[in-house]
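Chemist: I'm passing along final03.cif; it holds mmCIF, C-alpha atoms.
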data_structure
#
loop_
_atom_site.group_PDB
_atom_site.id
_atom_site.type_symbol
_atom_site.label_atom_id
_atom_site.label_comp_id
_atom_site.auth_asym_id
_atom_site.auth_seq_id
_atom_site.Cartn_x
_atom_site.Cartn_y
_atom_site.Cartn_z
ATOM 1 C CA MET A 1 0.000 0.000 0.000
ATOM 2 C CA ARG A 2 1.044 3.631 -0.469
ATOM 3 C CA PRO A 3 1.329 5.141 3.022
ATOM 4 C CA ALA A 4 -0.262 8.542 3.546
ATOM 5 C CA PHE A 5 1.868 10.659 5.867
ATOM 6 C CA SER A 6 -1.238 11.986 7.615
ATOM 7 C CA ILE A 7 -2.108 8.446 8.710
ATOM 8 C CA LEU A 8 1.488 7.778 9.780
ATOM 9 C CA PHE A 9 1.481 10.833 12.037
ATOM 10 C CA PHE A 10 -2.019 10.055 13.301
ATOM 11 C CA THR A 11 -1.248 6.510 14.399
ATOM 12 C CA VAL A 12 2.164 7.390 15.900
ATOM 13 C CA LEU A 13 1.023 10.501 17.794
ATOM 14 C CA VAL A 14 -2.227 9.030 19.084
ATOM 15 C CA GLY A 15 -0.526 5.725 19.952
ATOM 16 C CA ALA A 16 2.145 7.516 21.996
ATOM 17 C CA ALA A 17 -0.527 9.584 23.759
ATOM 18 C CA GLN A 18 -2.476 6.430 24.602
ATOM 19 C CA GLY A 19 0.678 4.822 25.971
ATOM 20 C CA LEU A 20 1.436 7.908 28.064
ATOM 21 C CA VAL A 21 -2.114 8.012 29.463
ATOM 22 C CA CYS A 22 -1.963 4.291 30.277
ATOM 23 C CA THR A 23 1.351 4.810 32.073
ATOM 24 C CA LEU A 24 -0.015 7.701 34.126
ATOM 25 C CA ALA A 25 -3.223 5.831 34.940
ATOM 26 C CA LEU A 26 -1.359 2.742 36.138
ATOM 27 C CA ALA A 27 1.065 4.924 38.128
ATOM 28 C CA VAL A 28 -1.887 6.491 39.943
ATOM 29 C CA LEU A 29 -3.799 3.239 40.466
ATOM 30 C CA LEU A 30 -0.673 1.425 41.718
ATOM 31 C CA ASP A 31 0.398 4.430 43.819
ATOM 32 C CA ILE A 32 3.849 4.791 42.272
ATOM 33 C CA GLY A 33 4.037 8.326 43.600
ATOM 34 C CA LEU A 34 4.179 10.750 40.686
ATOM 35 C CA ALA A 35 4.264 14.386 41.733
ATOM 36 C CA PRO A 36 0.941 16.170 41.029
ATOM 37 C CA GLY A 37 2.715 18.743 38.875
ATOM 38 C CA LEU A 38 4.304 16.054 36.718
ATOM 39 C CA LEU A 39 0.970 14.252 36.377
ATOM 40 C CA ARG A 40 -0.806 17.401 35.173
ATOM 41 C CA TRP A 41 2.037 18.301 32.826
ATOM 42 C CA ALA A 42 2.159 14.802 31.306
ATOM 43 C CA LEU A 43 -1.621 14.690 30.869
ATOM 44 C CA GLY A 44 -1.493 18.070 29.145
ATOM 45 C CA LEU A 45 1.166 16.751 26.768
ATOM 46 C CA ALA A 46 -0.934 13.659 26.057
ATOM 47 C CA GLU A 47 -3.880 15.916 25.237
ATOM 48 C CA LEU A 48 -1.722 17.922 22.816
ATOM 49 C CA LEU A 49 -0.529 14.735 21.103
ATOM 50 C CA LEU A 50 -4.116 13.515 20.760
ATOM 51 C CA ALA A 51 -5.219 16.837 19.287
ATOM 52 C CA ALA A 52 -2.293 16.846 16.840
ATOM 53 C CA GLY A 53 -3.112 13.277 15.813
ATOM 54 C CA LEU A 54 -6.763 14.179 15.283
ATOM 55 C CA ALA A 55 -5.739 17.154 13.138
ATOM 56 C CA ALA A 56 -3.418 14.921 11.098
ATOM 57 C CA SER A 57 -6.260 12.483 10.444
ATOM 58 C CA PHE A 58 -8.355 15.277 8.898
ATOM 59 C CA MET A 59 -5.583 15.946 6.385
ATOM 60 C CA HIS A 60 -6.289 12.518 4.896
ATOM 61 C CA LEU A 61 -9.892 13.361 4.036
ATOM 62 C CA GLY A 62 -10.835 14.422 0.530
ATOM 63 C CA HIS A 63 -14.047 16.165 1.683
ATOM 64 C CA LYS A 64 -13.432 17.307 5.253
ATOM 65 C CA GLY A 65 -16.925 18.733 5.614
ATOM 66 C CA ARG A 66 -18.337 15.229 5.324
ATOM 67 C CA ALA A 67 -16.214 13.796 8.143
ATOM 68 C CA TRP A 68 -19.236 13.557 10.437
ATOM 69 C CA ARG A 69 -20.658 10.821 8.203
ATOM 70 C CA ALA A 70 -17.890 8.488 9.390
ATOM 71 C CA VAL A 71 -19.899 7.725 12.545
ATOM 72 C CA LEU A 72 -22.948 6.414 10.690
ATOM 73 C CA MET A 73 -21.656 2.862 10.193
ATOM 74 C CA TRP A 74 -20.736 2.215 13.826
ATOM 75 C CA ARG A 75 -22.637 -1.077 13.895
ATOM 76 C CA SER A 76 -20.305 -2.716 11.369
ATOM 77 C CA SER A 77 -17.275 -0.468 10.792
ATOM 78 C CA TRP A 78 -14.228 -0.411 13.059
ATOM 79 C CA MET A 79 -13.279 2.946 11.567
ATOM 80 C CA SER A 80 -16.624 4.418 12.606
ATOM 81 C CA ARG A 81 -16.090 3.086 16.122
ATOM 82 C CA GLU A 82 -12.622 4.646 16.209
ATOM 83 C CA VAL A 83 -14.045 7.976 15.005
ATOM 84 C CA ILE A 84 -16.555 7.895 17.881
ATOM 85 C CA LEU A 85 -14.131 6.681 20.529
ATOM 86 C CA LEU A 86 -11.238 9.053 19.837
ATOM 87 C CA PRO A 87 -13.083 12.311 20.704
ATOM 88 C CA LEU A 88 -14.552 10.601 23.781
ATOM 89 C CA PHE A 89 -11.055 9.584 24.869
ATOM 90 C CA ILE A 90 -9.758 13.122 24.292
ATOM 91 C CA ALA A 91 -12.628 14.489 26.400
ATOM 92 C CA LEU A 92 -11.925 11.942 29.136
ATOM 93 C CA VAL A 93 -8.247 12.919 29.329
ATOM 94 C CA ALA A 94 -9.255 16.592 29.460
ATOM 95 C CA LEU A 95 -11.723 15.835 32.263
ATOM 96 C CA TRP A 96 -9.013 14.031 34.240
ATOM 97 C CA TRP A 97 -6.677 17.021 33.789
ATOM 98 C CA LEU A 98 -9.412 19.419 34.968
ATOM 99 C CA ALA A 99 -10.112 17.233 37.994
ATOM 100 C CA LEU A 100 -6.439 17.402 38.946
ATOM 101 C CA GLN A 101 -6.428 21.165 38.451
ATOM 102 C CA SER A 102 -9.444 21.588 40.722
ATOM 103 C CA GLY A 103 -8.091 19.217 43.354
ATOM 104 C CA ALA A 104 -11.035 16.820 43.146
ATOM 105 C CA GLY A 105 -10.696 13.862 45.495
ATOM 106 C CA ALA A 106 -12.345 10.440 45.623
ATOM 107 C CA PRO A 107 -13.921 8.860 43.668
ATOM 108 C CA TRP A 108 -12.439 10.862 40.771
ATOM 109 C CA SER A 109 -8.875 10.196 41.915
ATOM 110 C CA TRP A 110 -9.210 6.527 40.924
ATOM 111 C CA LEU A 111 -12.287 6.456 38.663
ATOM 112 C CA LEU A 112 -10.952 8.798 35.981
ATOM 113 C CA PRO A 113 -7.584 6.973 35.655
ATOM 114 C CA LEU A 114 -9.460 3.675 35.385
ATOM 115 C CA LEU A 115 -11.757 5.036 32.684
ATOM 116 C CA ALA A 116 -8.796 6.546 30.821
ATOM 117 C CA LEU A 117 -6.957 3.221 30.911
ATOM 118 C CA SER A 118 -10.015 1.392 29.580
ATOM 119 C CA GLY A 119 -10.530 4.016 26.876
ATOM 120 C CA ALA A 120 -6.930 3.752 25.667
ATOM 121 C CA LEU A 121 -7.143 -0.040 25.402
ATOM 122 C CA ALA A 122 -10.469 0.132 23.563
ATOM 123 C CA LEU A 123 -9.104 2.739 21.144
ATOM 124 C CA TRP A 124 -6.046 0.580 20.365
ATOM 125 C CA TYR A 125 -8.328 -2.347 19.626
ATOM 126 C CA CYS A 126 -10.568 -0.312 17.302
ATOM 127 C CA THR A 127 -7.636 1.207 15.423
ATOM 128 C CA ALA A 128 -5.877 -2.121 14.963
ATOM 129 C CA MET A 129 -9.066 -3.888 13.896
ATOM 130 C CA ILE A 130 -9.489 -1.431 11.009
ATOM 131 C CA TYR A 131 -6.579 -3.315 9.431
ATOM 132 C CA ALA A 132 -6.806 -6.736 11.086
ATOM 133 C CA CYS A 133 -10.370 -7.266 9.802
ATOM 134 C CA LEU A 134 -9.283 -6.973 6.139
ATOM 135 C CA ARG A 135 -8.907 -10.653 5.284
ATOM 136 C CA PHE A 136 -7.769 -9.993 1.710
ATOM 137 C CA ILE A 137 -4.642 -8.195 3.010
ATOM 138 C CA GLU A 138 -2.991 -11.169 4.629
ATOM 139 C CA GLU A 139 -0.127 -9.204 6.190
ATOM 140 C CA TRP A 140 -2.662 -7.427 8.427
ATOM 141 C CA ALA A 141 -5.327 -10.070 8.994
ATOM 142 C CA HIS A 142 -3.827 -11.551 12.165
ATOM 143 C CA PRO A 143 -4.044 -10.987 15.961
ATOM 144 C CA LEU A 144 -0.411 -9.824 15.871
ATOM 145 C CA THR A 145 -1.657 -6.560 14.333
ATOM 146 C CA ILE A 146 -3.592 -5.799 17.523
ATOM 147 C CA ILE A 147 -0.675 -6.868 19.709
ATOM 148 C CA ASN A 148 1.762 -4.682 17.762
ATOM 149 C CA PHE A 149 -0.402 -1.571 17.907
ATOM 150 C CA THR A 150 -0.814 -2.005 21.670
ATOM 151 C CA LEU A 151 2.779 -2.873 22.588
ATOM 152 C CA ILE A 152 4.372 -0.232 20.347
ATOM 153 C CA GLY A 153 2.033 2.420 21.734
ATOM 154 C CA LEU A 154 2.762 1.331 25.304
ATOM 155 C CA SER A 155 6.494 1.370 24.635
ATOM 156 C CA SER A 156 6.464 4.879 23.187
ATOM 157 C CA GLY A 157 4.268 6.150 26.023
ATOM 158 C CA LEU A 158 6.450 4.606 28.708
ATOM 159 C CA VAL A 159 9.649 5.965 27.165
ATOM 160 C CA LEU A 160 8.074 9.424 26.998
ATOM 161 C CA ALA A 161 6.891 9.171 30.611
ATOM 162 C CA CYS A 162 10.426 8.261 31.733
ATOM 163 C CA ALA A 163 11.821 11.293 29.895
ATOM 164 C CA LEU A 164 9.233 13.594 31.485
ATOM 165 C CA ALA A 165 10.011 12.242 34.949
ATOM 166 C CA ALA A 166 13.723 12.759 34.296
ATOM 167 C CA LEU A 167 13.087 16.336 33.189
ATOM 168 C CA ALA A 168 10.974 16.943 36.314
ATOM 169 C CA GLY A 169 13.809 15.696 38.528
ATOM 170 C CA GLN A 170 12.076 12.595 39.931
ATOM 171 C CA PRO A 171 14.730 9.854 39.876
ATOM 172 C CA HIS A 172 12.570 7.379 41.819
ATOM 173 C CA ALA A 173 9.760 7.651 39.248
ATOM 174 C CA VAL A 174 12.297 7.380 36.423
ATOM 175 C CA GLN A 175 13.695 4.136 37.779
ATOM 176 C CA THR A 176 10.261 2.661 38.504
ATOM 177 C CA LEU A 177 8.840 3.527 35.085
ATOM 178 C CA GLY A 178 12.101 2.573 33.371
ATOM 179 C CA ARG A 179 11.923 -0.937 34.800
ATOM 180 C CA CYS A 180 8.570 -1.244 33.027
ATOM 181 C CA ALA A 181 9.579 0.545 29.814
ATOM 182 C CA LEU A 182 12.511 -1.762 29.060
ATOM 183 C CA PRO A 183 10.621 -5.112 29.070
ATOM 184 C CA VAL A 184 7.663 -3.578 27.211
ATOM 185 C CA THR A 185 10.007 -2.240 24.505
ATOM 186 C CA LEU A 186 11.676 -5.642 24.245
ATOM 187 C CA ALA A 187 8.251 -7.310 24.031
ATOM 188 C CA ALA A 188 7.217 -4.866 21.278
ATOM 189 C CA TRP A 189 10.435 -5.709 19.424
ATOM 190 C CA ALA A 190 9.773 -9.443 19.759
ATOM 191 C CA ALA A 191 6.159 -9.127 18.572
ATOM 192 C CA ARG A 192 7.125 -6.961 15.592
ATOM 193 C CA GLY A 193 9.905 -9.379 14.694
ATOM 194 C CA GLN A 194 7.466 -12.267 14.816
ATOM 195 C CA THR A 195 5.149 -10.349 12.488
ATOM 196 C CA LEU A 196 7.988 -9.768 10.012
ATOM 197 C CA ARG A 197 8.858 -13.481 10.025
ATOM 198 C CA ARG A 198 5.216 -14.440 9.534
ATOM 199 C CA ASN A 199 4.690 -11.993 6.669
ATOM 200 C CA ALA A 200 7.876 -13.122 4.935
ATOM 201 C CA GLY A 201 6.529 -16.674 4.840
ATOM 202 C CA ILE A 202 3.029 -15.926 3.568
ATOM 203 C CA ARG A 203 1.983 -17.815 0.461
ATOM 204 C CA HIS A 204 -0.694 -15.505 -0.885
ATOM 205 C CA ALA A 205 -4.013 -17.017 -1.873
ATOM 206 C CA SER A 206 -4.202 -14.644 -4.865
ATOM 207 C CA ASN A 207 -1.632 -14.724 -7.657
ATOM 208 C CA LEU A 208 -1.496 -14.073 -11.382
ATOM 209 C CA GLN A 209 -3.022 -17.474 -12.101
ATOM 210 C CA THR A 210 -6.027 -17.026 -9.793
ATOM 211 C CA ALA A 211 -6.465 -13.386 -10.866
ATOM 212 C CA THR A 212 -6.696 -14.213 -14.580
ATOM 213 C CA GLY A 213 -7.927 -17.790 -14.579
ATOM 214 C CA ILE A 214 -4.929 -18.780 -16.720
ATOM 215 C CA ARG A 215 -3.212 -21.738 -15.040
ATOM 216 C CA SER A 216 0.094 -21.621 -16.900
ATOM 217 C CA GLY A 217 3.132 -21.620 -14.626
ATOM 218 C CA LYS A 218 4.948 -19.324 -17.048
ATOM 219 C CA LEU A 219 2.383 -16.523 -16.860
ATOM 220 C CA VAL A 220 4.090 -13.075 -16.850
ATOM 221 C CA GLN A 221 2.420 -9.672 -16.641
ATOM 222 C CA LYS A 222 3.699 -7.240 -19.285
ATOM 223 C CA SER A 223 1.415 -4.244 -18.734
ATOM 224 C CA MET A 224 0.011 -2.441 -15.716
ATOM 225 C CA GLY A 225 -3.485 -2.796 -17.127
ATOM 226 C CA MET A 226 -4.016 0.685 -18.548
ATOM 227 C CA SER A 227 -2.161 3.197 -20.690
ATOM 228 C CA ALA A 228 -2.225 6.035 -18.114
ATOM 229 C CA GLY A 229 -2.022 6.324 -14.348
ATOM 230 C CA SER A 230 -5.118 6.203 -12.130
ATOM 231 C CA PHE A 231 -6.160 5.912 -8.496
ATOM 232 C CA ASN A 232 -5.464 2.185 -8.696
ATOM 233 C CA THR A 233 -1.885 2.659 -9.872
ATOM 234 C CA ARG A 234 -1.096 5.467 -7.393
ATOM 235 C CA GLU A 235 -2.716 4.540 -4.077
ATOM 236 C CA PHE A 236 -2.200 0.793 -3.766
ATOM 237 C CA PHE A 237 1.545 0.549 -4.227
ATOM 238 C CA HIS A 238 4.380 2.460 -2.555
ATOM 239 C CA GLY A 239 6.760 2.471 -5.535
ATOM 240 C CA ALA A 240 9.871 1.801 -3.426
ATOM 241 C CA SER A 241 12.476 -0.723 -4.551
ATOM 242 C CA PRO A 242 13.074 -3.998 -2.671
ATOM 243 C CA ALA A 243 16.401 -2.567 -1.463
ATOM 244 C CA ALA A 244 14.641 0.512 -0.053
ATOM 245 C CA LEU A 245 12.141 -1.710 1.736
ATOM 246 C CA GLN A 246 14.938 -3.767 3.264
ATOM 247 C CA ASN A 247 16.746 -0.631 4.446
ATOM 248 C CA MET A 248 13.542 0.740 5.947
ATOM 249 C CA ARG A 249 13.013 -2.549 7.778
ATOM 250 C CA ARG A 250 16.509 -2.480 9.257
ATOM 251 C CA GLY A 251 16.174 1.206 10.100
ATOM 252 C CA PHE A 252 12.943 0.979 12.062
ATOM 253 C CA LEU A 253 14.075 -2.100 13.982
ATOM 254 C CA LEU A 254 17.204 -0.208 15.023
ATOM 255 C CA LEU A 255 15.579 3.130 15.826
ATOM 256 C CA ALA A 256 12.260 2.001 17.290
ATOM 257 C CA PHE A 257 13.492 -0.917 19.380
ATOM 258 C CA VAL A 258 17.214 -1.699 19.549
ATOM 259 C CA LEU A 259 18.604 1.753 20.345
ATOM 260 C CA PRO A 260 15.780 2.813 22.712
ATOM 261 C CA ALA A 261 16.103 -0.463 24.639
ATOM 262 C CA SER A 262 19.864 0.027 24.891
ATOM 263 C CA LEU A 263 19.425 3.598 26.120
ATOM 264 C CA LEU A 264 16.806 2.504 28.666
ATOM 265 C CA ALA A 265 19.172 -0.142 30.004
ATOM 266 C CA TRP A 266 21.946 2.457 30.150
ATOM 267 C CA GLY A 267 19.717 4.860 32.056
ATOM 268 C CA LEU A 268 18.704 2.188 34.560
ATOM 269 C CA ALA A 269 22.300 1.088 35.134
ATOM 270 C CA SER A 270 23.951 4.509 35.294
ATOM 271 C CA GLY A 271 21.258 6.637 36.905
ATOM 272 C CA ALA A 272 21.931 9.350 34.318
ATOM 273 C CA LEU A 273 18.993 11.386 33.072
ATOM 274 C CA TRP A 274 20.004 12.178 29.478
ATOM 275 C CA PRO A 275 19.598 8.602 28.082
ATOM 276 C CA TRP A 276 15.835 8.832 28.687
ATOM 277 C CA TRP A 277 15.387 11.911 26.491
ATOM 278 C CA LEU A 278 17.758 10.536 23.903
ATOM 279 C CA ALA A 279 15.607 7.404 23.768
ATOM 280 C CA VAL A 280 12.566 9.550 22.898
ATOM 281 C CA LEU A 281 14.449 11.399 20.159
ATOM 282 C CA VAL A 282 15.749 8.153 18.659
ATOM 283 C CA GLN A 283 12.473 6.264 18.878
ATOM 284 C CA ALA A 284 10.267 8.941 17.268
ATOM 285 C CA PRO A 285 11.610 8.604 13.680
ATOM 286 C CA GLY A 286 11.790 4.841 14.176
ATOM 287 C CA LEU A 287 8.078 4.719 14.957
ATOM 288 C CA LEU A 288 7.253 6.672 11.807
ATOM 289 C CA ALA A 289 9.454 4.323 9.761
ATOM 290 C CA GLU A 290 7.812 1.284 11.381
ATOM 291 C CA ARG A 291 4.349 2.533 10.520
ATOM 292 C CA TRP A 292 5.408 3.332 6.941
ATOM 293 C CA PHE A 293 6.691 -0.228 6.580
ATOM 294 C CA PHE A 294 3.463 -1.595 8.084
ATOM 295 C CA PHE A 295 1.514 -0.083 5.186
ATOM 296 C CA ALA A 296 4.123 -0.579 2.476
ATOM 297 C CA GLN A 297 4.572 -4.290 3.160
ATOM 298 C CA ALA A 298 0.866 -4.988 2.654
ATOM 299 C CA ARG A 299 0.132 -6.530 -0.742
ATOM 300 C CA HIS A 300 -3.283 -5.547 -2.024
ATOM 301 C CA PRO A 301 -4.653 -8.176 -4.466
ATOM 302 C CA GLN A 302 -5.614 -5.461 -6.961
ATOM 303 C CA ASN A 303 -1.908 -4.917 -7.666
ATOM 304 C CA LEU A 304 -1.950 -8.197 -9.580
ATOM 305 C CA TYR A 305 -3.793 -6.270 -12.301
ATOM 306 C CA TYR A 306 -2.183 -2.834 -12.196
ATOM 307 C CA GLN A 307 1.357 -2.675 -10.859
ATOM 308 C CA THR A 308 3.770 -5.004 -12.627
ATOM 309 C CA VAL A 309 5.455 -3.394 -15.621
ATOM 310 C CA SER A 310 8.293 -5.173 -17.441
#
Kindly transcribe the structure held in the file into structure tokens.
Modeler:
Amino acid sequence: MRPAFSILFFTVLVGAAQGLVCTLALAVLLDIGLAPGLLRWALGLAELLLAAGLAASFMHLGHKGRAWRAVLMWRSSWMSREVILLPLFIALVALWWLALQSGAGAPWSWLLPLLALSGALALWYCTAMIYACLRFIEEWAHPLTIINFTLIGLSSGLVLACALAALAGQPHAVQTLGRCALPVTLAAWAARGQTLRRNAGIRHASNLQTATGIRSGKLVQKSMGMSAGSFNTREFFHGASPAALQNMRRGFLLLAFVLPASLLAWGLASGALWPWWLAVLVQAPGLLAERWFFFAQARHPQNLYYQTVS
């Protein structure tokens, strides 16, 4: 598929915000001891990331004035459910921030974090199911898609929370959150690696023979199916070479997982504060590259008719 940069930024920004909100909610529910100022600051940052992600998603729409229609198919469409759930989640995070600002006590002190945690998990599931429910794109149609969206979002949120705690001068919170961020990042790496191995071994149900009904083993496509470009030739194939795909794969594994995990381990062992922020700066482009590869690796069956040109 041809990745739209608006969708890349949407999924990365919103996923990191969800991970940050989950981290803060669990820290409150488990009484890790985050300073109130840090909690409000981090929630405000999560709200900004969610708003930026929502704005990026609108850039993908051809007719932005019709965006409200996306909610109409909520009974059957995971995208409609995501469109409904995202503003509700943004409102919930804002309500939690306002409750902290006003000094509201029980039951809001535990109820709002619990609702925010549930909302983040539900939003991950809806977003991932937009892709996992598409059975004809076999690279996506697997439970690993849901696991990857969740673990990568949790990893990015935890790494960001560690950096914020380091900036706020809370070494105890940094160490506590860091001991969670490292195994989650390693788990995200393992799950993404398993997905890459699975996708590399897929024997696609559709091929040139099934697409044309011609059973010859020597069937070769010589034309892309039309004399001029169209939506089909532009939007369903990324146009990158196999070498570029391989380099992108190596790059996102290094930047999104290997280097951040190494920096997290360094921060835990040394007690230094700068590795936590460096981990955020390294992981951010890696997450964008990972999401680009997620879309680019998907093989839409329609490309059997339109893409191969000898």
Chemist: Please determine, counting only C-alpha atoms, which residue among A:Ser156, A:Ser206, A:Ser230, A:Thr176 has the shortest atom-to-atom distance to A:Leu281.
Modeler: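 Nearest candidate to A:Leu281 out of A:Ser156, A:Ser206, A:Ser230, A:Thr176: A:Ser156.
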Chemist: How many Å lie between atom CA of A:Ile146 and atom CA of A:Pro260, rounded to one decimal?
Modeler: 21.8 Å
Chemist: Written as JSON, numbers by chain, what is the full residue list that the PyMOL selection byres ((chain A and resi 45-47) around 7) yields on the file shown?
Modeler: {"A": [17, 20, 21, 41, 42, 43, 44, 48, 49, 50, 51, 90, 93, 94]}
Chemist: Next, the residues of the selection above should be written as a tab-separated table (two decimals), in the coordinates of the input with C-alpha atoms.
Modeler:
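The resulting selection.tsv:
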chain	number	residue	atom	x	y	z
A	17	ALA	CA	-0.53	9.58	23.76
A	20	LEU	CA	1.44	7.91	28.06
A	21	VAL	CA	-2.11	8.01	29.46
A	41	TRP	CA	2.04	18.30	32.83
A	42	ALA	CA	2.16	14.80	31.31
A	43	LEU	CA	-1.62	14.69	30.87
A	44	GLY	CA	-1.49	18.07	29.14
A	48	LEU	CA	-1.72	17.92	22.82
A	49	LEU	CA	-0.53	14.74	21.10
A	50	LEU	CA	-4.12	13.52	20.76
A	51	ALA	CA	-5.22	16.84	19.29
A	90	ILE	CA	-9.76	13.12	24.29
A	93	VAL	CA	-8.25	12.92	29.33
A	94	ALA	CA	-9.26	16.59	29.46
Chemist: Please provide as a ChimeraX atom specification all residues within 12 Å of A:Ala128, with the sequence filter that same-chain residues fewer than 5 positions apart are discarded (counting all atoms listed in the file).
Modeler: /A:11,15,78-79,81-82,121-123,133-134,140-153,294
Chemist: Given only C-alpha atoms as the basis, pick out the residue of A:Arg40, A:His204, A:Arg250, A:Arg135 nearest to A:Leu98.
Modeler: A:Arg40
Chemist: Using atom CA of A:Val12 and atom CA of A:Leu245 as the two end points, give the distance in Å to one decimal.
Modeler: 19.6 Å
Chemist: Of the candidates A:Thr23, A:Leu61, A:Ala99, A:Val174, which one gets nearest to A:Ala269 if we count all atoms listed in the file?
Modeler: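 Among A:Thr23, A:Leu61, A:Ala99, A:Val174, it is A:Val174 that comes nearest to A:Ala269.
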Chemist: Write out as a ChimeraX atom specification the residues lying within 6 Å of stretch 274-280 of chain A, counting all atoms listed in the file and excluding same-chain residues fewer than 5 positions away.
Modeler: /A:163,260,263,267
Chemist: Could you state which residues are captured by the PyMOL selection byres ((chain A and resi 185) around 10) in this file, as a list in words?
Modeler: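 So the PyMOL selection byres ((chain A and resi 185) around 10) ends up selecting Leu151, Ile152, Gly153, Leu154, Ser155, Ser156, Leu158, Val159, Cys180, Ala181, Leu182, Pro183, Val184, Leu186, Ala187, Ala188, Trp189, Ala190, Ala191, Ala256, Phe257, Val258, Pro260, Ala261 and Leu264 of chain A.
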Chemist: So how many Å separate atom CA of A:Phe10 and atom CA of A:Gln297, to one decimal?
Modeler: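 Separation of atom CA of A:Phe10 and atom CA of A:Gln297: 18.8 Å.
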